[in-house]
>>> print(open('query_0.tsv').read())   # TSV, C-alpha atoms
chain	number	residue	atom	x	y	z
A	31	MET	CA	37.14	-4.88	35.91
A	32	LEU	CA	33.95	-4.66	33.84
A	33	LEU	CA	32.37	-7.41	35.95
A	34	ASP	CA	33.28	-5.52	39.12
A	35	LEU	CA	31.75	-2.33	37.73
A	36	PHE	CA	28.58	-4.25	36.90
A	37	LYS	CA	28.45	-5.65	40.43
A	38	ALA	CA	28.91	-2.19	41.92
A	39	ALA	CA	26.22	-0.65	39.72
A	40	PHE	CA	23.81	-3.53	40.38
A	41	LEU	CA	24.23	-3.42	44.15
A	42	GLY	CA	23.81	0.36	44.10
A	43	PHE	CA	20.67	-0.04	42.00
A	44	VAL	CA	19.21	-2.58	44.45
A	45	GLU	CA	20.07	-0.41	47.47
A	46	GLY	CA	18.56	2.73	45.94
A	47	LEU	CA	15.47	0.93	44.63
A	48	THR	CA	14.60	-0.95	47.82
A	49	GLU	CA	15.75	1.30	50.68
A	50	TYR	CA	12.57	3.37	50.89
A	51	LEU	CA	10.10	0.74	49.70
A	52	PRO	CA	8.48	-1.71	52.16
A	53	VAL	CA	10.47	-4.65	50.78
A	54	SER	CA	13.71	-4.69	52.89
A	55	SER	CA	16.87	-3.42	51.21
A	56	THR	CA	19.06	-5.34	53.68
A	57	GLY	CA	17.22	-8.57	52.91
A	58	HIS	CA	17.65	-8.08	49.16
A	59	LEU	CA	21.35	-7.25	49.42
A	60	LEU	CA	22.09	-10.21	51.68
A	61	LEU	CA	20.25	-12.62	49.37
A	62	ILE	CA	22.16	-11.26	46.37
A	63	GLU	CA	25.43	-11.74	48.24
A	64	HIS	CA	24.45	-15.31	49.18
A	65	PHE	CA	23.24	-16.50	45.78
A	66	PHE	CA	25.46	-14.52	43.42
A	67	GLY	CA	28.68	-14.30	45.40
A	68	PHE	CA	28.71	-10.51	45.64
A	69	ASP	CA	30.40	-10.81	49.01
A	70	ASP	CA	34.09	-10.90	48.11
A	71	GLU	CA	36.46	-8.34	49.58
A	72	ASP	CA	35.67	-5.80	46.87
A	73	PHE	CA	32.02	-5.90	47.91
A	74	GLY	CA	32.33	-6.42	51.63
A	75	LYS	CA	31.06	-4.48	54.59
A	76	THR	CA	32.59	-1.12	53.75
A	77	PHE	CA	31.17	-1.13	50.22
A	78	ALA	CA	27.66	-1.82	51.56
A	79	VAL	CA	28.05	0.99	54.08
A	80	LEU	CA	29.18	3.52	51.48
A	81	ILE	CA	26.52	2.79	48.86
A	82	GLN	CA	23.91	3.23	51.60
A	83	LEU	CA	25.21	6.79	51.85
A	84	GLY	CA	24.00	7.33	48.28
A	85	ALA	CA	20.42	6.48	49.25
A	86	ILE	CA	20.69	8.74	52.32
A	87	ALA	CA	21.98	11.60	50.18
A	88	ALA	CA	19.07	11.17	47.75
A	89	LEU	CA	16.51	11.52	50.54
A	90	LEU	CA	18.27	14.48	52.14
A	91	SER	CA	18.58	16.29	48.80
A	92	ILE	CA	14.83	16.05	48.19
A	93	TYR	CA	13.92	17.11	51.73
A	94	PHE	CA	16.69	19.72	52.02
A	95	ARG	CA	14.37	22.73	51.95
A	96	LYS	CA	12.01	21.24	54.55
A	97	LEU	CA	14.96	20.25	56.72
A	98	LEU	CA	16.38	23.76	56.48
A	99	LEU	CA	13.04	25.26	57.52
A	100	LEU	CA	12.83	22.89	60.49
A	101	ALA	CA	16.38	23.72	61.54
A	102	THR	CA	15.83	27.48	61.35
A	103	HIS	CA	12.44	27.41	63.10
A	104	MET	CA	13.02	24.64	65.63
A	105	PHE	CA	13.77	27.03	68.52
A	106	THR	CA	11.19	29.66	67.66
A	107	ASP	CA	8.20	27.76	66.29
A	108	GLU	CA	6.33	25.30	68.53
A	109	TYR	CA	4.97	23.35	65.54
A	110	ALA	CA	8.44	22.73	64.10
A	111	ARG	CA	9.90	21.91	67.51
A	112	ARG	CA	7.14	19.39	68.26
A	113	PHE	CA	7.68	17.59	64.96
A	114	VAL	CA	11.44	17.32	65.50
A	115	ILE	CA	10.77	15.88	68.97
A	116	CYS	CA	8.27	13.41	67.45
A	117	VAL	CA	10.82	12.11	64.94
A	118	LEU	CA	13.51	11.78	67.60
A	119	VAL	CA	11.08	9.96	69.93
A	120	ALA	CA	10.24	7.54	67.10
A	121	PHE	CA	13.95	7.04	66.38
A	122	LEU	CA	14.98	6.35	69.98
A	123	PRO	CA	13.70	2.74	70.43
A	124	ALA	CA	15.53	1.45	67.34
A	125	ALA	CA	18.69	3.31	68.35
A	126	ILE	CA	18.69	1.65	71.76
A	127	VAL	CA	17.83	-1.84	70.50
A	128	GLY	CA	20.32	-1.56	67.62
A	129	ALA	CA	23.16	-0.53	69.92
A	130	ILE	CA	22.43	-3.30	72.43
A	131	ALA	CA	21.70	-6.13	69.99
A	132	HIS	CA	24.00	-5.22	67.08
A	133	GLY	CA	26.24	-8.27	67.51
A	134	PHE	CA	23.34	-10.69	67.85
A	135	ILE	CA	21.56	-9.23	64.83
A	136	LYS	CA	24.64	-9.52	62.60
A	137	SER	CA	25.72	-12.97	63.77
A	138	VAL	CA	22.34	-14.72	64.13
A	139	LEU	CA	19.61	-12.92	62.21
A	140	PHE	CA	21.61	-12.27	59.02
A	141	ASN	CA	20.57	-15.72	57.84
A	142	PRO	CA	19.10	-16.28	54.34
A	143	TRP	CA	16.39	-18.62	55.66
A	144	ILE	CA	15.24	-16.02	58.20
A	145	ILE	CA	15.31	-13.33	55.50
A	146	CYS	CA	13.11	-15.33	53.11
A	147	PHE	CA	10.54	-16.22	55.76
A	148	SER	CA	10.54	-12.60	56.97
A	149	LEU	CA	9.91	-11.32	53.45
A	150	ILE	CA	6.88	-13.59	53.06
A	151	ALA	CA	5.51	-13.01	56.56
A	152	GLY	CA	6.02	-9.25	56.25
A	153	GLY	CA	4.21	-9.31	52.91
A	154	ALA	CA	1.25	-11.07	54.53
A	155	VAL	CA	1.11	-8.47	57.32
A	156	LEU	CA	1.34	-5.60	54.83
A	157	TYR	CA	-1.49	-7.15	52.78
A	158	VAL	CA	-3.77	-7.58	55.80
A	159	VAL	CA	-3.17	-4.03	57.06
A	160	ASP	CA	-3.66	-2.57	53.58
A	161	GLN	CA	-7.01	-4.38	53.29
A	162	LEU	CA	-8.33	-3.41	56.73
A	163	ASP	CA	-11.14	-0.89	56.85
A	164	LEU	CA	-9.11	1.53	58.93
A	165	LYS	CA	-10.43	4.96	59.82
A	166	PRO	CA	-7.40	7.29	59.46
A	167	ARG	CA	-7.29	10.22	61.85
A	168	TYR	CA	-4.17	11.85	60.40
A	169	ASP	CA	-3.30	12.73	56.81
A	170	GLU	CA	-0.20	14.82	57.54
A	171	ALA	CA	2.98	13.20	58.84
A	172	THR	CA	3.95	16.41	60.62
A	173	GLU	CA	0.80	16.28	62.76
A	174	PHE	CA	1.26	12.87	64.41
A	175	PRO	CA	1.11	13.13	68.23
A	176	VAL	CA	4.17	12.24	70.29
A	177	GLY	CA	2.62	9.09	71.75
A	178	MET	CA	1.78	7.81	68.29
A	179	CYS	CA	5.35	8.43	67.14
A	180	LEU	CA	6.70	6.47	70.08
A	181	GLY	CA	4.42	3.58	69.11
A	182	ILE	CA	5.69	3.72	65.54
A	183	GLY	CA	9.26	3.70	66.82
A	184	LEU	CA	8.61	0.63	68.97
A	185	ILE	CA	7.09	-1.20	66.00
A	186	GLN	CA	10.05	-0.17	63.84
A	187	CYS	CA	12.30	-2.26	66.12
A	188	ILE	CA	10.86	-5.38	64.49
A	189	SER	CA	12.69	-4.36	61.33
A	190	MET	CA	15.98	-5.25	63.01
A	191	ILE	CA	15.17	-8.69	61.59
A	192	PRO	CA	16.48	-8.62	57.99
A	193	GLY	CA	13.64	-9.11	55.55
A	194	VAL	CA	11.06	-7.30	57.67
A	195	SER	CA	11.84	-3.83	56.23
A	196	ARG	CA	12.31	-0.62	58.15
A	197	ALA	CA	9.97	1.25	55.81
A	198	GLY	CA	7.41	-1.57	55.96
A	199	ALA	CA	7.38	-1.71	59.76
A	200	THR	CA	7.09	2.08	60.01
A	201	ILE	CA	4.24	2.24	57.49
A	202	VAL	CA	2.29	-0.62	59.08
A	203	GLY	CA	2.77	0.87	62.54
A	204	ALA	CA	1.65	4.33	61.43
A	205	MET	CA	-1.45	3.00	59.65
A	206	LEU	CA	-2.49	0.87	62.62
A	207	LEU	CA	-2.09	3.89	64.88
A	208	GLY	CA	-4.24	6.20	62.76
A	209	ALA	CA	-2.34	7.45	59.69
A	210	ASP	CA	-3.53	7.21	56.11
A	211	ARG	CA	-1.32	5.51	53.50
A	212	ARG	CA	0.39	8.62	52.21
A	213	SER	CA	1.22	10.18	55.58
A	214	ALA	CA	2.40	6.78	56.88
A	215	ALA	CA	4.74	6.46	53.91
A	216	GLU	CA	5.99	10.04	54.32
A	217	PHE	CA	6.67	9.55	58.02
A	218	SER	CA	8.79	6.54	57.04
A	219	PHE	CA	10.95	8.98	55.05
A	220	TRP	CA	11.31	11.35	58.00
A	221	LEU	CA	12.13	8.52	60.37
A	222	ALA	CA	14.61	7.11	57.86
A	223	MET	CA	16.78	10.21	58.20
A	224	PRO	CA	18.03	9.75	61.79
A	225	THR	CA	17.73	5.95	61.59
A	226	MET	CA	19.83	5.58	58.44
A	227	VAL	CA	22.33	8.27	59.40
A	228	GLY	CA	22.74	6.63	62.81
A	229	ALA	CA	23.15	3.15	61.30
A	230	PHE	CA	25.60	4.51	58.72
A	231	ALA	CA	27.69	6.26	61.37
A	232	TYR	CA	27.74	3.15	63.57
A	233	ASP	CA	28.73	0.82	60.70
A	234	LEU	CA	31.36	3.29	59.57
A	235	TYR	CA	32.77	3.37	63.09
A	236	LYS	CA	32.80	-0.45	63.30
A	237	ASN	CA	34.28	-1.03	59.83
A	238	GLY	CA	36.22	2.17	59.26
A	239	GLY	CA	39.53	0.41	59.77
A	240	GLN	CA	38.89	-1.64	56.65
A	241	MET	CA	38.57	1.41	54.40
A	242	SER	CA	40.99	1.73	51.53
A	243	THR	CA	41.28	3.75	48.33
A	244	ASN	CA	41.78	0.64	46.17
A	245	ASN	CA	38.16	0.40	45.10
A	246	MET	CA	37.08	4.03	45.02
A	247	ILE	CA	35.85	3.74	41.42
A	248	LEU	CA	33.61	0.84	42.41
A	249	VAL	CA	32.34	2.73	45.44
A	250	ALA	CA	31.65	5.79	43.28
A	251	VAL	CA	29.65	3.73	40.76
A	252	GLY	CA	27.65	2.08	43.54
A	253	PHE	CA	27.08	5.43	45.25
A	254	VAL	CA	25.79	7.10	42.08
A	255	ALA	CA	23.46	4.19	41.25
A	256	SER	CA	22.13	4.18	44.81
A	257	PHE	CA	21.60	7.95	44.74
A	258	VAL	CA	19.82	8.00	41.37
A	259	PHE	CA	17.39	5.17	42.06
A	260	GLY	CA	16.83	6.25	45.65
A	261	TRP	CA	15.93	9.73	44.35
A	262	ILE	CA	13.45	8.28	41.84
A	263	VAL	CA	11.77	6.15	44.49
A	264	VAL	CA	11.43	8.98	47.01
A	265	LYS	CA	9.97	11.31	44.36
A	266	THR	CA	7.36	8.81	43.15
A	267	PHE	CA	6.50	6.55	46.10
A	268	LEU	CA	4.03	8.76	47.98
A	269	GLY	CA	1.88	9.40	44.93
A	270	PHE	CA	1.95	5.73	43.97
A	271	VAL	CA	0.77	4.38	47.33
A	272	ALA	CA	-1.89	7.07	47.64
A	273	ARG	CA	-3.40	5.85	44.35
A	274	HIS	CA	-2.66	2.12	44.36
A	275	GLY	CA	-1.92	1.00	47.93
A	276	PHE	CA	0.75	-1.57	48.78
A	277	GLY	CA	-0.40	-4.58	46.73
A	278	LEU	CA	2.57	-4.46	44.36
A	279	PHE	CA	5.03	-4.61	47.24
A	280	VAL	CA	3.15	-7.49	48.88
A	281	TRP	CA	3.58	-9.67	45.80
A	282	TRP	CA	7.15	-8.46	45.33
A	283	ARG	CA	8.04	-9.62	48.84
A	284	VAL	CA	6.27	-12.95	48.47
A	285	ALA	CA	7.91	-13.63	45.10
A	286	VAL	CA	11.44	-12.83	46.31
A	287	GLY	CA	10.97	-14.75	49.55
A	288	THR	CA	9.55	-17.82	47.78
A	289	LEU	CA	12.26	-17.84	45.11
A	290	GLY	CA	14.83	-17.49	47.87
A	291	LEU	CA	13.44	-20.50	49.75
A	292	ILE	CA	13.44	-22.56	46.56
A	293	GLY	CA	17.03	-21.52	45.88
A	294	LEU	CA	18.09	-22.39	49.42
A	295	ALA	CA	16.40	-25.79	49.22
A	296	LEU	CA	18.08	-26.61	45.91
A	297	LEU	CA	21.45	-24.93	46.29
A	298	GLY	CA	21.89	-24.39	50.04
>>> encode(input="query_0.tsv", output="structure tokens")
Amino acid sequence: MLLDLFKAAFLGFVEGLTEYLPVSSTGHLLLIEHFFGFDDEDFGKTFAVLIQLGAIAALLSIYFRKLLLLATHMFTDEYARRFVICVLVAFLPAAIVGAIAHGFIKSVLFNPWIICFSLIAGGAVLYVVDQLDLKPRYDEATEFPVGMCLGIGLIQCISMIPGVSRAGATIVGAMLLGADRRSAAEFSFWLAMPTMVGAFAYDLYKNGGQMSTNNMILVAVGFVASFVFGWIVVKTFLGFVARHGFGLFVWWRVAVGTLGLIGLALLG
């Protein structure tokens, strides 16, 4: 039982730590399952779905006041209404691609070799974009134009490949289209809300029949760990990237991807 509790806490920690960073939470969780055997029936699909809810709850709790203001002003304030439309426009491409290609993504792309190469390649792209002498035109995520948000949403579709990172694709897309580092990172939070809630609802629908109360303690431990570390990341990430850029996450991705390839070559 203690080992199971450790597994639950560790997976929740990884989910919360990586979900909002440009390092691919899905890629990390799948590699952990592959190399450490955290894929038995106690830690199957439903567990992964439910600990993701912890990371979602962390983000929503921090942005609750802003969300409430948007909800109450959406029909009376043009500024609020435009921003809601922008986020939904950015969300739409991934929603369509995810619904159409869900089976292919799960059966073909959830491959540890693809994940490792994607981590390294995504790190290289993040490094190049971070080093470019870009001339940002926007420093507030709420001021992105609708066309720019659609472009970000289209680029986010690349993150359907595990290892690419939803946050990483969103940030790179936003920076290439005119955002500074901080506003690009913050828009990735806003876009995460409908994207993650939609993915959670879809996975829950697909795997809901497997739910049971047998492992509720494990789920609770994973949920709490995911919530706590997700909350810490969301509270600190914007300030960190504004001061230091994305170099740390580039090397993180390259290190995990390289170690994964070595492990696959040696262990299979």
>>> residues_around(input="query_0.tsv", residues="A:Val53", least_positions_apart="2", cutoff="12 Å", atoms="only C-alpha atoms", output="VMD selection string")
chain A and resid 44 to 51 55 to 59 145 to 146 148 to 154 156 189 192 to 201 276 to 287
>>> closest_atom_pairs(input="query_0.tsv", of="stretch 90-130 of chain A", to="stretch 180-187 of chain A", cutoff="12 Å", atoms="all atoms listed in the file", output="Markdown table")
| residue | atom | partner | partner_atom | distance |
| --- | --- | --- | --- | --- |
| A:Ile115 | CA | A:Leu180 | CA | 10.3 |
| A:Cys116 | CA | A:Leu180 | CA | 7.6 |
| A:Val117 | CA | A:Leu180 | CA | 8.7 |
| A:Leu118 | CA | A:Leu180 | CA | 9.0 |
| A:Val119 | CA | A:Leu180 | CA | 5.6 |
| A:Ala120 | CA | A:Gly183 | CA | 4.0 |
| A:Phe121 | CA | A:Gly183 | CA | 5.8 |
| A:Leu122 | CA | A:Gly183 | CA | 7.1 |
| A:Pro123 | CA | A:Leu184 | CA | 5.7 |
| A:Ala124 | CA | A:Cys187 | CA | 5.1 |
| A:Ala125 | CA | A:Cys187 | CA | 8.8 |
| A:Ile126 | CA | A:Cys187 | CA | 9.4 |
| A:Val127 | CA | A:Cys187 | CA | 7.1 |
| A:Gly128 | CA | A:Cys187 | CA | 8.2 |
| A:Ala129 | CA | A:Cys187 | CA | 11.6 |
| A:Ile130 | CA | A:Cys187 | CA | 12.0 |
>>> residues_around(input="query_0.tsv", residues="A:Gly42", least_positions_apart="5", cutoff="12 Å", atoms="only C-alpha atoms", output="JSON, numbers by chain")
{"A": [35, 36, 37, 47, 48, 49, 55, 58, 59, 62, 73, 77, 78, 79, 80, 81, 82, 83, 84, 85, 248, 249, 250, 251, 252, 253, 254, 255, 256, 257, 258, 259, 260]}
>>> write_last_selection(input="query_0.tsv", atoms="C-alpha atoms", output="mmCIF file, in the frame of the given file")
data_model
loop_
_atom_site.group_PDB
_atom_site.id
_atom_site.type_symbol
_atom_site.label_atom_id
_atom_site.label_comp_id
_atom_site.auth_asym_id
_atom_site.auth_seq_id
_atom_site.Cartn_x
_atom_site.Cartn_y
_atom_site.Cartn_z
ATOM 1 C CA LEU A 35 31.750 -2.330 37.730
ATOM 2 C CA PHE A 36 28.580 -4.250 36.900
ATOM 3 C CA LYS A 37 28.450 -5.650 40.430
ATOM 4 C CA LEU A 47 15.470 0.930 44.630
ATOM 5 C CA THR A 48 14.600 -0.950 47.820
ATOM 6 C CA GLU A 49 15.750 1.300 50.680
ATOM 7 C CA SER A 55 16.870 -3.420 51.210
ATOM 8 C CA HIS A 58 17.650 -8.080 49.160
ATOM 9 C CA LEU A 59 21.350 -7.250 49.420
ATOM 10 C CA ILE A 62 22.160 -11.260 46.370
ATOM 11 C CA PHE A 73 32.020 -5.900 47.910
ATOM 12 C CA PHE A 77 31.170 -1.130 50.220
ATOM 13 C CA ALA A 78 27.660 -1.820 51.560
ATOM 14 C CA VAL A 79 28.050 0.990 54.080
ATOM 15 C CA LEU A 80 29.180 3.520 51.480
ATOM 16 C CA ILE A 81 26.520 2.790 48.860
ATOM 17 C CA GLN A 82 23.910 3.230 51.600
ATOM 18 C CA LEU A 83 25.210 6.790 51.850
ATOM 19 C CA GLY A 84 24.000 7.330 48.280
ATOM 20 C CA ALA A 85 20.420 6.480 49.250
ATOM 21 C CA LEU A 248 33.610 0.840 42.410
ATOM 22 C CA VAL A 249 32.340 2.730 45.440
ATOM 23 C CA ALA A 250 31.650 5.790 43.280
ATOM 24 C CA VAL A 251 29.650 3.730 40.760
ATOM 25 C CA GLY A 252 27.650 2.080 43.540
ATOM 26 C CA PHE A 253 27.080 5.430 45.250
ATOM 27 C CA VAL A 254 25.790 7.100 42.080
ATOM 28 C CA ALA A 255 23.460 4.190 41.250
ATOM 29 C CA SER A 256 22.130 4.180 44.810
ATOM 30 C CA PHE A 257 21.600 7.950 44.740
ATOM 31 C CA VAL A 258 19.820 8.000 41.370
ATOM 32 C CA PHE A 259 17.390 5.170 42.060
ATOM 33 C CA GLY A 260 16.830 6.250 45.650
#
>>> closest_residue(input="query_0.tsv", among="A:Val227, A:Asp169, A:Gly208, A:Val155", to="A:Pro52", atoms="only C-alpha atoms")
A:Val155
>>> atom_distance(input="query_0.tsv", atom1="atom CA of A:Gly275", atom2="atom CA of A:Asp160")
6.9 Å
>>> closest_residue(input="query_0.tsv", among="A:Glu216, A:Leu162, A:Leu139, A:Pro224", to="A:Phe174", atoms="only C-alpha atoms")
A:Glu216
>>> residues_around(input="query_0.tsv", residues="A:Leu89", least_positions_apart="5", cutoff="8 Å", atoms="all atoms listed in the file", output="number ranges by chain")
A: 219, 223, 260-261, 264
>>> atom_distance(input="query_0.tsv", atom1="atom CA of A:Lys136", atom2="atom CA of A:Gly293")
21.9 Å
